[in-house]
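A.B. asks: What follows is input.cif, made up of mmCIF, C-alpha atoms:
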data_model
#
loop_
_atom_site.label_atom_id
_atom_site.label_comp_id
_atom_site.auth_asym_id
_atom_site.auth_seq_id
_atom_site.Cartn_x
_atom_site.Cartn_y
_atom_site.Cartn_z
CA MET A 1 92.90 110.70 112.82
CA LYS A 2 94.89 111.54 109.70
CA LEU A 3 98.63 112.06 110.14
CA ILE A 4 100.73 114.12 107.75
CA ARG A 5 104.32 115.33 107.58
CA PHE A 6 104.92 118.63 105.83
CA GLY A 7 107.71 120.96 104.81
CA GLU A 8 110.97 120.91 102.89
CA ALA A 9 112.47 117.51 102.15
CA GLY A 10 114.56 116.38 105.10
CA PHE A 11 113.01 118.95 107.43
CA GLU A 12 109.41 117.76 107.64
CA LYS A 13 107.26 118.46 110.68
CA PRO A 14 104.41 116.29 111.96
CA GLY A 15 100.86 117.46 111.41
CA VAL A 16 97.25 116.33 111.35
CA ILE A 17 94.27 116.85 109.09
CA ILE A 18 91.14 117.99 110.93
CA GLU A 19 88.00 118.79 108.94
CA ASP A 20 90.10 119.05 105.76
CA LYS A 21 92.50 121.59 107.31
CA TYR A 22 96.19 121.01 108.04
CA TYR A 23 97.57 121.68 111.52
CA ASP A 24 101.12 121.65 112.91
CA VAL A 25 101.52 119.31 115.90
CA SER A 26 105.30 119.65 116.25
CA SER A 27 104.75 121.18 119.71
CA LEU A 28 103.18 117.86 120.76
CA VAL A 29 105.05 115.27 118.70
CA LYS A 30 108.70 115.01 117.67
CA ASP A 31 107.99 112.92 114.58
CA TYR A 32 105.92 109.98 113.34
CA ASP A 33 108.60 107.39 113.96
CA GLU A 34 109.21 104.18 115.88
CA ALA A 35 109.17 105.98 119.24
CA PHE A 36 105.85 107.66 118.44
CA PHE A 37 104.01 104.57 117.20
CA GLY A 38 105.50 102.30 119.85
CA GLY A 39 104.81 104.64 122.74
CA ASP A 40 101.03 104.98 122.45
CA GLY A 41 101.65 108.16 120.50
CA ILE A 42 98.36 108.00 118.61
CA GLU A 43 96.25 107.85 121.78
CA LYS A 44 98.31 110.56 123.47
CA LEU A 45 97.98 112.81 120.44
CA LYS A 46 94.22 112.24 120.27
CA ASN A 47 93.92 113.34 123.89
CA ASP A 48 96.22 116.34 123.43
CA LEU A 49 94.25 117.54 120.42
CA LYS A 50 91.19 118.07 122.62
CA THR A 51 92.79 121.06 124.34
CA ALA A 52 95.67 122.10 122.08
CA ASN A 53 95.64 125.41 120.19
CA LEU A 54 97.41 124.39 117.01
CA PRO A 55 98.75 126.62 114.23
CA GLU A 56 97.07 126.02 110.87
CA VAL A 57 99.27 125.13 107.91
CA ASP A 58 98.81 126.33 104.34
CA LYS A 59 97.43 123.41 102.32
CA ASN A 60 99.76 124.28 99.45
CA VAL A 61 102.71 123.13 101.54
CA ARG A 62 104.78 120.21 100.31
CA LEU A 63 103.81 116.93 101.97
CA GLY A 64 106.59 114.56 102.90
CA ALA A 65 106.23 110.83 103.35
CA ALA A 66 103.53 110.32 105.97
CA LEU A 67 105.97 108.71 108.41
CA ALA A 68 109.66 109.05 109.23
CA ARG A 69 111.95 106.48 107.65
CA PRO A 70 110.96 103.11 109.21
CA SER A 71 113.27 100.23 110.06
CA LYS A 72 111.98 98.33 107.03
CA ILE A 73 109.49 98.15 104.19
CA ILE A 74 108.25 94.58 103.70
CA CYS A 75 106.49 93.92 100.41
CA VAL A 76 104.05 91.15 99.56
CA GLY A 77 104.30 90.15 95.90
CA LEU A 78 101.63 88.77 93.59
CA ASN A 79 98.87 89.25 96.16
CA TYR A 80 96.02 89.81 93.66
CA LYS A 81 94.98 86.95 91.37
CA ASP A 82 94.49 89.24 88.37
CA HIS A 83 98.02 90.68 88.72
CA ALA A 84 99.55 87.21 89.00
CA ALA A 85 97.67 86.21 85.83
CA GLU A 86 98.77 89.25 83.81
CA THR A 87 102.41 88.58 84.67
CA ASN A 88 102.08 84.86 83.85
CA ALA A 89 102.94 83.90 87.42
CA GLN A 90 101.46 81.08 89.47
CA ILE A 91 99.11 81.98 92.31
CA PRO A 92 101.33 81.78 95.41
CA THR A 93 100.48 79.25 98.10
CA GLU A 94 102.24 81.39 100.70
CA PRO A 95 102.99 85.12 100.62
CA ILE A 96 105.98 86.11 98.51
CA LEU A 97 108.07 88.50 100.62
CA PHE A 98 110.78 90.93 99.60
CA PHE A 99 112.23 94.17 100.90
CA LYS A 100 112.24 97.68 99.50
CA ALA A 101 115.06 99.98 100.62
CA THR A 102 113.86 102.74 102.92
CA SER A 103 116.07 105.20 100.99
CA ALA A 104 113.46 104.96 98.22
CA ILE A 105 110.90 106.81 100.36
CA VAL A 106 109.74 110.25 99.18
CA GLY A 107 106.70 112.45 99.57
CA PRO A 108 103.44 111.51 97.85
CA ASN A 109 103.67 114.24 95.23
CA ASP A 110 107.42 114.35 94.71
CA ASP A 111 108.82 113.64 91.26
CA LEU A 112 109.56 110.08 90.16
CA VAL A 113 113.11 109.94 88.82
CA ILE A 114 113.71 107.18 86.28
CA PRO A 115 116.89 105.40 87.39
CA LYS A 116 120.11 105.59 85.41
CA ASN A 117 120.04 103.07 82.53
CA SER A 118 116.39 102.17 83.18
CA LYS A 119 114.13 101.17 80.32
CA LYS A 120 111.33 99.45 82.26
CA THR A 121 110.17 101.66 85.14
CA ASP A 122 106.68 100.49 86.13
CA TRP A 123 103.89 101.52 88.53
CA GLU A 124 101.97 99.64 91.26
CA VAL A 125 99.25 101.21 93.42
CA GLU A 126 99.22 99.50 96.82
CA LEU A 127 97.60 99.60 100.22
CA ALA A 128 100.28 99.82 102.91
CA ILE A 129 99.95 98.93 106.58
CA VAL A 130 101.80 100.89 109.27
CA ILE A 131 102.71 98.80 112.31
CA GLY A 132 101.77 100.36 115.65
CA LYS A 133 102.98 97.77 118.15
CA LYS A 134 105.95 95.41 118.14
CA ALA A 135 104.88 92.15 116.52
CA SER A 136 106.59 88.79 116.85
CA TYR A 137 104.81 85.46 116.35
CA VAL A 138 101.45 87.23 116.33
CA ALA A 139 98.27 85.14 116.11
CA GLU A 140 96.04 86.08 113.19
CA GLU A 141 93.14 86.95 115.53
CA ASN A 142 95.35 89.49 117.31
CA ALA A 143 96.87 91.09 114.22
CA PHE A 144 94.71 94.22 114.17
CA ASP A 145 96.02 95.10 117.65
CA HIS A 146 99.39 95.73 115.99
CA ILE A 147 98.22 98.20 113.33
CA ALA A 148 98.66 101.97 113.66
CA GLY A 149 96.92 102.75 110.39
CA TYR A 150 96.95 102.56 106.61
CA VAL A 151 98.55 104.62 103.86
CA LEU A 152 98.69 104.90 100.06
CA HIS A 153 101.91 103.68 98.41
CA ASN A 154 103.12 103.48 94.83
CA ASP A 155 105.50 100.51 94.69
CA TYR A 156 107.51 101.64 91.66
CA SER A 157 109.46 98.80 90.06
CA GLU A 158 112.19 98.60 87.43
CA ARG A 159 111.31 95.35 85.70
CA GLU A 160 114.65 94.71 84.01
CA PHE A 161 116.50 95.19 87.31
CA GLN A 162 113.87 93.09 89.10
CA LEU A 163 113.43 90.18 86.71
CA GLU A 164 116.33 90.07 84.25
CA ARG A 165 119.40 90.90 86.34
CA ASN A 166 119.49 87.78 88.58
CA GLY A 167 119.10 87.64 92.32
CA GLN A 168 116.25 89.02 94.36
CA TRP A 169 113.53 91.50 93.42
CA VAL A 170 114.91 94.13 95.78
CA LYS A 171 117.17 95.54 93.01
CA GLY A 172 114.17 96.52 90.94
CA LYS A 173 112.22 97.96 93.87
CA SER A 174 114.68 100.16 95.73
CA CYS A 175 115.77 102.96 93.39
CA ASP A 176 115.58 106.50 94.72
CA THR A 177 112.02 107.97 94.61
CA PHE A 178 110.49 104.49 94.16
CA ALA A 179 108.40 104.67 97.38
CA PRO A 180 106.10 107.71 97.53
CA ILE A 181 104.10 107.22 100.74
CA GLY A 182 101.07 109.34 101.62
CA PRO A 183 99.41 111.83 101.56
CA PHE A 184 98.42 110.77 105.09
CA ILE A 185 98.24 107.82 107.45
CA ALA A 186 94.64 107.07 108.38
CA THR A 187 94.28 105.46 111.79
CA GLN A 188 92.23 102.27 111.94
CA ASP A 189 89.07 104.04 113.08
CA GLU A 190 89.05 106.04 109.81
CA ILE A 191 88.65 102.91 107.66
CA ALA A 192 85.37 100.99 108.00
CA ASP A 193 86.53 97.87 106.13
CA VAL A 194 90.12 97.57 104.96
CA HIS A 195 89.08 94.59 102.83
CA ASN A 196 86.67 96.64 100.71
CA LEU A 197 88.66 99.60 99.39
CA ARG A 198 88.87 100.64 95.76
CA LEU A 199 92.39 101.36 94.56
CA TRP A 200 93.17 102.92 91.18
CA LEU A 201 95.97 104.41 89.12
CA THR A 202 96.15 106.49 85.93
CA VAL A 203 98.99 107.40 83.61
CA ASN A 204 98.46 110.64 81.70
CA GLY A 205 94.77 110.51 82.61
CA THR A 206 94.15 106.98 81.36
CA THR A 207 92.95 104.52 84.00
CA LEU A 208 95.20 101.46 84.02
CA GLN A 209 94.59 99.96 87.46
CA ASP A 210 91.14 99.74 89.05
CA GLY A 211 90.91 97.10 91.75
CA ASN A 212 89.59 96.40 95.22
CA THR A 213 91.21 95.06 98.36
CA SER A 214 88.41 92.49 98.55
CA ASN A 215 90.48 90.63 95.95
CA LEU A 216 93.60 90.23 98.09
CA ILE A 217 94.82 86.63 98.07
CA PHE A 218 96.21 86.99 101.61
CA ASN A 219 94.27 89.41 103.80
CA VAL A 220 95.62 91.98 106.26
CA PRO A 221 95.60 89.94 109.50
CA PHE A 222 97.05 86.90 107.75
CA MET A 223 99.91 88.96 106.29
CA ILE A 224 100.85 90.47 109.66
CA SER A 225 100.70 87.11 111.40
CA TYR A 226 102.64 85.37 108.63
CA ILE A 227 105.43 87.95 108.36
CA SER A 228 105.81 88.05 112.15
CA GLN A 229 106.75 84.35 112.09
CA PHE A 230 109.95 85.25 110.23
CA MET A 231 110.94 88.65 111.63
CA THR A 232 109.98 91.09 114.34
CA LEU A 233 107.86 93.95 113.06
CA LEU A 234 108.73 97.21 114.80
CA PRO A 235 106.42 100.19 115.34
CA GLY A 236 106.44 102.33 112.21
CA ASP A 237 107.40 99.46 109.91
CA VAL A 238 105.51 99.35 106.62
CA ILE A 239 103.94 96.30 105.01
CA THR A 240 102.88 97.01 101.44
CA THR A 241 100.29 94.51 100.36
CA GLY A 242 100.49 93.99 96.60
CA THR A 243 98.94 95.51 93.49
CA PRO A 244 95.96 94.66 91.25
CA ALA A 245 96.19 94.12 87.50
CA GLY A 246 97.07 96.91 85.11
CA VAL A 247 100.82 97.42 85.54
CA GLY A 248 103.02 98.24 82.55
CA LEU A 249 104.47 94.73 82.49
CA GLY A 250 100.96 93.35 81.92
CA GLN A 251 99.84 95.69 79.13
CA LYS A 252 98.59 94.09 75.91
CA PRO A 253 99.62 93.47 73.20
CA GLU A 254 103.03 94.63 74.47
CA PRO A 255 104.30 95.87 77.82
CA TRP A 256 105.13 99.57 78.03
CA TYR A 257 106.76 101.68 80.67
CA LEU A 258 107.10 105.20 81.99
CA LYS A 259 109.04 107.96 80.27
CA ALA A 260 110.01 111.48 81.20
CA GLY A 261 107.01 113.82 81.15
CA ASP A 262 104.44 111.19 82.10
CA VAL A 263 102.10 111.94 85.00
CA VAL A 264 101.05 109.17 87.38
CA GLU A 265 98.05 109.65 89.69
CA LEU A 266 96.68 107.11 92.16
CA GLY A 267 94.37 106.73 95.11
CA ILE A 268 92.63 104.44 97.58
CA ASP A 269 89.22 104.95 99.19
CA GLY A 270 89.73 106.77 102.49
CA LEU A 271 93.47 107.22 101.97
CA GLY A 272 93.55 110.13 99.55
CA THR A 273 95.44 110.52 96.31
CA SER A 274 98.98 111.22 95.15
CA LYS A 275 100.60 112.41 91.95
CA GLN A 276 104.08 111.93 90.55
CA VAL A 277 105.58 113.65 87.52
CA VAL A 278 108.18 111.46 85.81
CA LYS A 279 111.63 112.97 85.34
CA ALA A 280 114.72 111.62 83.59
CA TYR A 281 117.79 110.80 85.64
CA GLU A 282 120.42 113.53 85.57
CA GLY A 283 123.86 112.91 86.91
#
So that I can check it, write out the structure of this file as structure tokens.
C.D. replies:
Amino acid sequence: MKLIRFGEAGFEKPGVIIEDKYYDVSSLVKDYDEAFFGGDGIEKLKNDLKTANLPEVDKNVRLGAALARPSKIICVGLNYKDHAAETNAQIPTEPILFFKATSAIVGPNDDLVIPKNSKKTDWEVELAIVIGKKASYVAEENAFDHIAGYVLHNDYSEREFQLERNGQWVKGKSCDTFAPIGPFIATQDEIADVHNLRLWLTVNGTTLQDGNTSNLIFNVPFMISYISQFMTLLPGDVITTGTPAGVGLGQKPEPWYLKAGDVVELGIDGLGTSKQVVKAYEG
């Protein structure tokens, strides 16, 4: 199943994609939130779809983030060897964890707004995991039982805020519009092998990132098990799993970053594509 949320920002309704058509399921589901994912919502919705007569939705509708604001976004840093190398960082021996503010979440095709006083706004295509069942001290062999599905995420990062302003990375990760999520959540049965997915990103039509999840340093079940040793993962929580090489910080001979008017497009096998137009901060 592919889950979407559609409509005006702040007033999104839940929907599904069936045979490349959009359908409104708001008569069956309140929203794709903690209550939905934690209450066997996916299985209930699958059963209800067998008999429901759903209104079709115009595919030109705005898509919101593919899930309602979760309790947390947990990020895994430097999780591809080639990205660690391009940023002159050591290969981590354990996952590097940091948070991204949930207020950064926007729809997959909403504008990216460069933060006030930013000079180093950067891109990162990432596979994100949506938690489907409360997870605390989960064994690695049971980790997949706690996954609702997977979704495309662009982990935008302001490198000066992140790396040059002291403290934790969260400052450079949490600006408004820095977490476009979607276009849809694909349930586990939609993805044959989560560890063999191509992920790519272009800026103004030039391919800058072209990687594969087979190159993750820490794989999906390990990440869920590991993170659950330090905090309880709630249904609907998002784990975003790191980015391959090709970010602005790693460009040669000199790093370069986004500016107003740039167009960023990205995608992952089986998880669709998204597109953000870069706008300058006004305020």
A.B. asks: Between A:Glu265, A:Asp20, A:Asp193, A:Asp33, which residue has the minimum interatomic distance to Arg5 of chain A, considering only C-alpha atoms?
C.D. replies: A:Asp33
A.B. asks: So that I can see what lies close to segment 166-178 of chain A, please list as a list in words the residues with an atom at most 6 Å from it, counting all atoms listed in the file and leaving out residues fewer than 3 positions away in the same chain.
C.D. replies: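 Returned residues: Phe99, Lys100, Ala101, Ala104, Ile105, Val106, Leu112, Tyr156, Ser157, Glu158, Phe161 and Gln162 of chain A.
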A.B. asks: A:Gln90, A:Thr241, A:Asn109, A:Thr206: which is nearest Ala9 of chain A, counting only C-alpha atoms?
C.D. replies: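 Among A:Gln90, A:Thr241, A:Asn109, A:Thr206, it is A:Asn109 that comes nearest to Ala9 of chain A.
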A.B. asks: The centre and edge lengths of an axis-aligned box containing all atoms of segment 59-68 of chain A present in the file, extended by 5 Å on each side, are to be given in Å to one decimal, as JSON.
C.D. replies:
{"center_x": 103.5, "center_y": 116.5, "center_z": 104.3, "size_x": 22.2, "size_y": 25.6, "size_z": 19.8}
A.B. asks: What separation in Å, quoted to one decimal, exists between atom CA of Ile191 of chain A and atom CA of Gly270 of chain A?
C.D. replies: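 For atom CA of Ile191 of chain A relative to atom CA of Gly270 of chain A, the distance reads 6.5 Å.
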A.B. asks: Can you tell me how far atom CA of Asp111 of chain A sits from atom CA of Lys21 of chain A, in Å to one decimal?
C.D. replies: 24.2 Å
A.B. asks: Please enumerate the residues selected by the PyMOL selection byres ((chain A and resi 84) around 12) when evaluated against the supplied file, formatted as a list in words.
C.D. replies: Gly77, Leu78, Asn79, Tyr80, Lys81, Asp82, His83, Ala85, Glu86, Thr87, Asn88, Ala89, Gln90, Ile91, Pro92, Ile96, Asn215, Leu216, Ile217, Gly242, Thr243, Pro244, Ala245, Gly246, Val247, Leu249 and Gly250 of chain A
A.B. asks: Could you tell me which residues the PyMOL selection byres ((chain A and resi 113) around 10) grabs in this file, written as a VMD selection string?
C.D. replies: chain A and resid 110 to 112 114 to 116 121 175 to 178 259 to 260 276 to 282
A.B. asks: Emit segment 63-111 of chain A of the structure in the block as a file comprising N, CA and C atoms, as a PDB file, in the first residue's frame.
C.D. replies:
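File produced: result.pdb:
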ATOM      1  N   LEU A  63       0.552  17.581  -2.387  1.00  0.00           N
ATOM      2  CA  LEU A  63       0.807  16.517  -1.422  1.00  0.00           C
ATOM      3  C   LEU A  63       1.483  17.108  -0.190  1.00  0.00           C
ATOM      4  N   GLY A  64       0.956  16.749   0.974  1.00  0.00           N
ATOM      5  CA  GLY A  64       1.628  17.118   2.214  1.00  0.00           C
ATOM      6  C   GLY A  64       2.655  16.065   2.578  1.00  0.00           C
ATOM      7  N   ALA A  65       3.335  16.279   3.700  1.00  0.00           N
ATOM      8  CA  ALA A  65       4.204  15.225   4.222  1.00  0.00           C
ATOM      9  C   ALA A  65       3.383  13.954   4.348  1.00  0.00           C
ATOM     10  N   ALA A  66       4.008  12.814   4.093  1.00  0.00           N
ATOM     11  CA  ALA A  66       3.265  11.556   3.983  1.00  0.00           C
ATOM     12  C   ALA A  66       2.772  11.019   5.320  1.00  0.00           C
ATOM     13  N   LEU A  67       3.114  11.687   6.419  1.00  0.00           N
ATOM     14  CA  LEU A  67       2.582  11.309   7.715  1.00  0.00           C
ATOM     15  C   LEU A  67       2.401  12.567   8.542  1.00  0.00           C
ATOM     16  N   ALA A  68       1.487  12.511   9.529  1.00  0.00           N
ATOM     17  CA  ALA A  68       1.307  13.633  10.437  1.00  0.00           C
ATOM     18  C   ALA A  68       2.560  13.800  11.288  1.00  0.00           C
ATOM     19  N   ARG A  69       2.732  14.973  11.854  1.00  0.00           N
ATOM     20  CA  ARG A  69       3.951  15.268  12.596  1.00  0.00           C
ATOM     21  C   ARG A  69       4.209  14.203  13.668  1.00  0.00           C
ATOM     22  N   PRO A  70       5.331  13.488  13.576  1.00  0.00           N
ATOM     23  CA  PRO A  70       5.627  12.406  14.534  1.00  0.00           C
ATOM     24  C   PRO A  70       6.186  12.960  15.834  1.00  0.00           C
ATOM     25  N   SER A  71       6.359  12.075  16.813  1.00  0.00           N
ATOM     26  CA  SER A  71       6.940  12.522  18.084  1.00  0.00           C
ATOM     27  C   SER A  71       8.396  12.924  17.900  1.00  0.00           C
ATOM     28  N   LYS A  72       9.089  12.300  16.938  1.00  0.00           N
ATOM     29  CA  LYS A  72      10.494  12.654  16.732  1.00  0.00           C
ATOM     30  C   LYS A  72      10.999  12.166  15.376  1.00  0.00           C
ATOM     31  N   ILE A  73      12.005  12.868  14.896  1.00  0.00           N
ATOM     32  CA  ILE A  73      12.792  12.437  13.739  1.00  0.00           C
ATOM     33  C   ILE A  73      14.196  12.159  14.255  1.00  0.00           C
ATOM     34  N   ILE A  74      14.616  10.896  14.173  1.00  0.00           N
ATOM     35  CA  ILE A  74      15.959  10.510  14.597  1.00  0.00           C
ATOM     36  C   ILE A  74      16.805  10.315  13.348  1.00  0.00           C
ATOM     37  N   CYS A  75      17.946  10.963  13.306  1.00  0.00           N
ATOM     38  CA  CYS A  75      18.809  10.908  12.135  1.00  0.00           C
ATOM     39  C   CYS A  75      20.078  10.116  12.442  1.00  0.00           C
ATOM     40  N   VAL A  76      20.531   9.364  11.455  1.00  0.00           N
ATOM     41  CA  VAL A  76      21.778   8.619  11.569  1.00  0.00           C
ATOM     42  C   VAL A  76      22.801   9.291  10.655  1.00  0.00           C
ATOM     43  N   GLY A  77      23.863   9.809  11.230  1.00  0.00           N
ATOM     44  CA  GLY A  77      24.844  10.564  10.463  1.00  0.00           C
ATOM     45  C   GLY A  77      25.970   9.692   9.933  1.00  0.00           C
ATOM     46  N   LEU A  78      26.543  10.121   8.824  1.00  0.00           N
ATOM     47  CA  LEU A  78      27.735   9.466   8.259  1.00  0.00           C
ATOM     48  C   LEU A  78      27.537   7.960   8.114  1.00  0.00           C
ATOM     49  N   ASN A  79      26.432   7.572   7.488  1.00  0.00           N
ATOM     50  CA  ASN A  79      26.088   6.148   7.401  1.00  0.00           C
ATOM     51  C   ASN A  79      26.413   5.536   6.043  1.00  0.00           C
ATOM     52  N   TYR A  80      27.104   6.280   5.186  1.00  0.00           N
ATOM     53  CA  TYR A  80      27.652   5.749   3.932  1.00  0.00           C
ATOM     54  C   TYR A  80      29.147   6.071   3.932  1.00  0.00           C
ATOM     55  N   LYS A  81      29.969   5.073   3.602  1.00  0.00           N
ATOM     56  CA  LYS A  81      31.421   5.278   3.650  1.00  0.00           C
ATOM     57  C   LYS A  81      31.870   6.400   2.730  1.00  0.00           C
ATOM     58  N   ASP A  82      31.233   6.500   1.539  1.00  0.00           N
ATOM     59  CA  ASP A  82      31.689   7.510   0.585  1.00  0.00           C
ATOM     60  C   ASP A  82      31.361   8.924   1.084  1.00  0.00           C
ATOM     61  N   HIS A  83      30.253   9.079   1.810  1.00  0.00           N
ATOM     62  CA  HIS A  83      29.908  10.396   2.355  1.00  0.00           C
ATOM     63  C   HIS A  83      30.847  10.764   3.501  1.00  0.00           C
ATOM     64  N   ALA A  84      31.180   9.795   4.349  1.00  0.00           N
ATOM     65  CA  ALA A  84      32.139  10.065   5.418  1.00  0.00           C
ATOM     66  C   ALA A  84      33.475  10.515   4.826  1.00  0.00           C
ATOM     67  N   ALA A  85      33.897   9.846   3.746  1.00  0.00           N
ATOM     68  CA  ALA A  85      35.181  10.180   3.115  1.00  0.00           C
ATOM     69  C   ALA A  85      35.167  11.585   2.537  1.00  0.00           C
ATOM     70  N   GLU A  86      34.060  11.952   1.863  1.00  0.00           N
ATOM     71  CA  GLU A  86      34.042  13.269   1.200  1.00  0.00           C
ATOM     72  C   GLU A  86      34.012  14.414   2.212  1.00  0.00           C
ATOM     73  N   THR A  87      33.534  14.131   3.428  1.00  0.00           N
ATOM     74  CA  THR A  87      33.501  15.166   4.454  1.00  0.00           C
ATOM     75  C   THR A  87      34.689  15.067   5.407  1.00  0.00           C
ATOM     76  N   ASN A  88      35.664  14.211   5.054  1.00  0.00           N
ATOM     77  CA  ASN A  88      36.886  14.036   5.845  1.00  0.00           C
ATOM     78  C   ASN A  88      36.584  13.582   7.270  1.00  0.00           C
ATOM     79  N   ALA A  89      35.570  12.744   7.409  1.00  0.00           N
ATOM     80  CA  ALA A  89      35.190  12.222   8.722  1.00  0.00           C
ATOM     81  C   ALA A  89      35.590  10.752   8.841  1.00  0.00           C
ATOM     82  N   GLN A  90      35.885  10.320  10.045  1.00  0.00           N
ATOM     83  CA  GLN A  90      36.200   8.922  10.277  1.00  0.00           C
ATOM     84  C   GLN A  90      34.941   8.071  10.121  1.00  0.00           C
ATOM     85  N   ILE A  91      35.131   6.828   9.670  1.00  0.00           N
ATOM     86  CA  ILE A  91      34.013   5.889   9.610  1.00  0.00           C
ATOM     87  C   ILE A  91      33.563   5.604  11.050  1.00  0.00           C
ATOM     88  N   PRO A  92      32.304   5.836  11.371  1.00  0.00           N
ATOM     89  CA  PRO A  92      31.874   5.618  12.758  1.00  0.00           C
ATOM     90  C   PRO A  92      31.866   4.144  13.135  1.00  0.00           C
ATOM     91  N   THR A  93      32.206   3.878  14.386  1.00  0.00           N
ATOM     92  CA  THR A  93      32.169   2.506  14.896  1.00  0.00           C
ATOM     93  C   THR A  93      30.805   2.174  15.496  1.00  0.00           C
ATOM     94  N   GLU A  94      30.038   3.180  15.817  1.00  0.00           N
ATOM     95  CA  GLU A  94      28.643   3.053  16.223  1.00  0.00           C
ATOM     96  C   GLU A  94      27.866   4.157  15.523  1.00  0.00           C
ATOM     97  N   PRO A  95      26.565   3.966  15.324  1.00  0.00           N
ATOM     98  CA  PRO A  95      25.785   5.013  14.657  1.00  0.00           C
ATOM     99  C   PRO A  95      25.869   6.359  15.376  1.00  0.00           C
ATOM    100  N   ILE A  96      26.045   7.404  14.587  1.00  0.00           N
ATOM    101  CA  ILE A  96      25.991   8.773  15.094  1.00  0.00           C
ATOM    102  C   ILE A  96      24.526   9.213  15.041  1.00  0.00           C
ATOM    103  N   LEU A  97      23.963   9.587  16.176  1.00  0.00           N
ATOM    104  CA  LEU A  97      22.550   9.938  16.249  1.00  0.00           C
ATOM    105  C   LEU A  97      22.382  11.422  16.555  1.00  0.00           C
ATOM    106  N   PHE A  98      21.393  12.027  15.912  1.00  0.00           N
ATOM    107  CA  PHE A  98      21.011  13.392  16.252  1.00  0.00           C
ATOM    108  C   PHE A  98      19.536  13.560  15.902  1.00  0.00           C
ATOM    109  N   PHE A  99      18.946  14.625  16.390  1.00  0.00           N
ATOM    110  CA  PHE A  99      17.535  14.877  16.122  1.00  0.00           C
ATOM    111  C   PHE A  99      17.357  15.989  15.101  1.00  0.00           C
ATOM    112  N   LYS A 100      16.223  15.931  14.434  1.00  0.00           N
ATOM    113  CA  LYS A 100      15.792  16.993  13.525  1.00  0.00           C
ATOM    114  C   LYS A 100      14.428  17.442  14.025  1.00  0.00           C
ATOM    115  N   ALA A 101      14.220  18.733  14.202  1.00  0.00           N
ATOM    116  CA  ALA A 101      12.957  19.227  14.732  1.00  0.00           C
ATOM    117  C   ALA A 101      11.804  18.864  13.801  1.00  0.00           C
ATOM    118  N   THR A 102      10.706  18.412  14.391  1.00  0.00           N
ATOM    119  CA  THR A 102       9.555  18.028  13.564  1.00  0.00           C
ATOM    120  C   THR A 102       8.890  19.241  12.910  1.00  0.00           C
ATOM    121  N   SER A 103       9.183  20.451  13.397  1.00  0.00           N
ATOM    122  CA  SER A 103       8.650  21.661  12.760  1.00  0.00           C
ATOM    123  C   SER A 103       9.279  21.922  11.399  1.00  0.00           C
ATOM    124  N   ALA A 104      10.331  21.172  11.064  1.00  0.00           N
ATOM    125  CA  ALA A 104      10.961  21.297   9.745  1.00  0.00           C
ATOM    126  C   ALA A 104      10.186  20.561   8.657  1.00  0.00           C
ATOM    127  N   ILE A 105       9.219  19.733   9.048  1.00  0.00           N
ATOM    128  CA  ILE A 105       8.525  18.876   8.080  1.00  0.00           C
ATOM    129  C   ILE A 105       7.629  19.697   7.156  1.00  0.00           C
ATOM    130  N   VAL A 106       7.721  19.390   5.857  1.00  0.00           N
ATOM    131  CA  VAL A 106       6.855  19.985   4.836  1.00  0.00           C
ATOM    132  C   VAL A 106       6.517  18.903   3.809  1.00  0.00           C
ATOM    133  N   GLY A 107       5.689  19.284   2.849  1.00  0.00           N
ATOM    134  CA  GLY A 107       5.346  18.369   1.773  1.00  0.00           C
ATOM    135  C   GLY A 107       6.514  18.138   0.840  1.00  0.00           C
ATOM    136  N   PRO A 108       6.459  17.052   0.063  1.00  0.00           N
ATOM    137  CA  PRO A 108       7.594  16.660  -0.768  1.00  0.00           C
ATOM    138  C   PRO A 108       7.934  17.652  -1.872  1.00  0.00           C
ATOM    139  N   ASN A 109       6.946  18.429  -2.309  1.00  0.00           N
ATOM    140  CA  ASN A 109       7.192  19.361  -3.405  1.00  0.00           C
ATOM    141  C   ASN A 109       7.020  20.815  -2.985  1.00  0.00           C
ATOM    142  N   ASP A 110       6.990  21.047  -1.678  1.00  0.00           N
ATOM    143  CA  ASP A 110       6.938  22.419  -1.186  1.00  0.00           C
ATOM    144  C   ASP A 110       8.284  23.100  -1.395  1.00  0.00           C
ATOM    145  N   ASP A 111       8.270  24.435  -1.388  1.00  0.00           N
ATOM    146  CA  ASP A 111       9.508  25.187  -1.567  1.00  0.00           C
ATOM    147  C   ASP A 111      10.463  24.961  -0.401  1.00  0.00           C
TER     148      ASP A 111
END
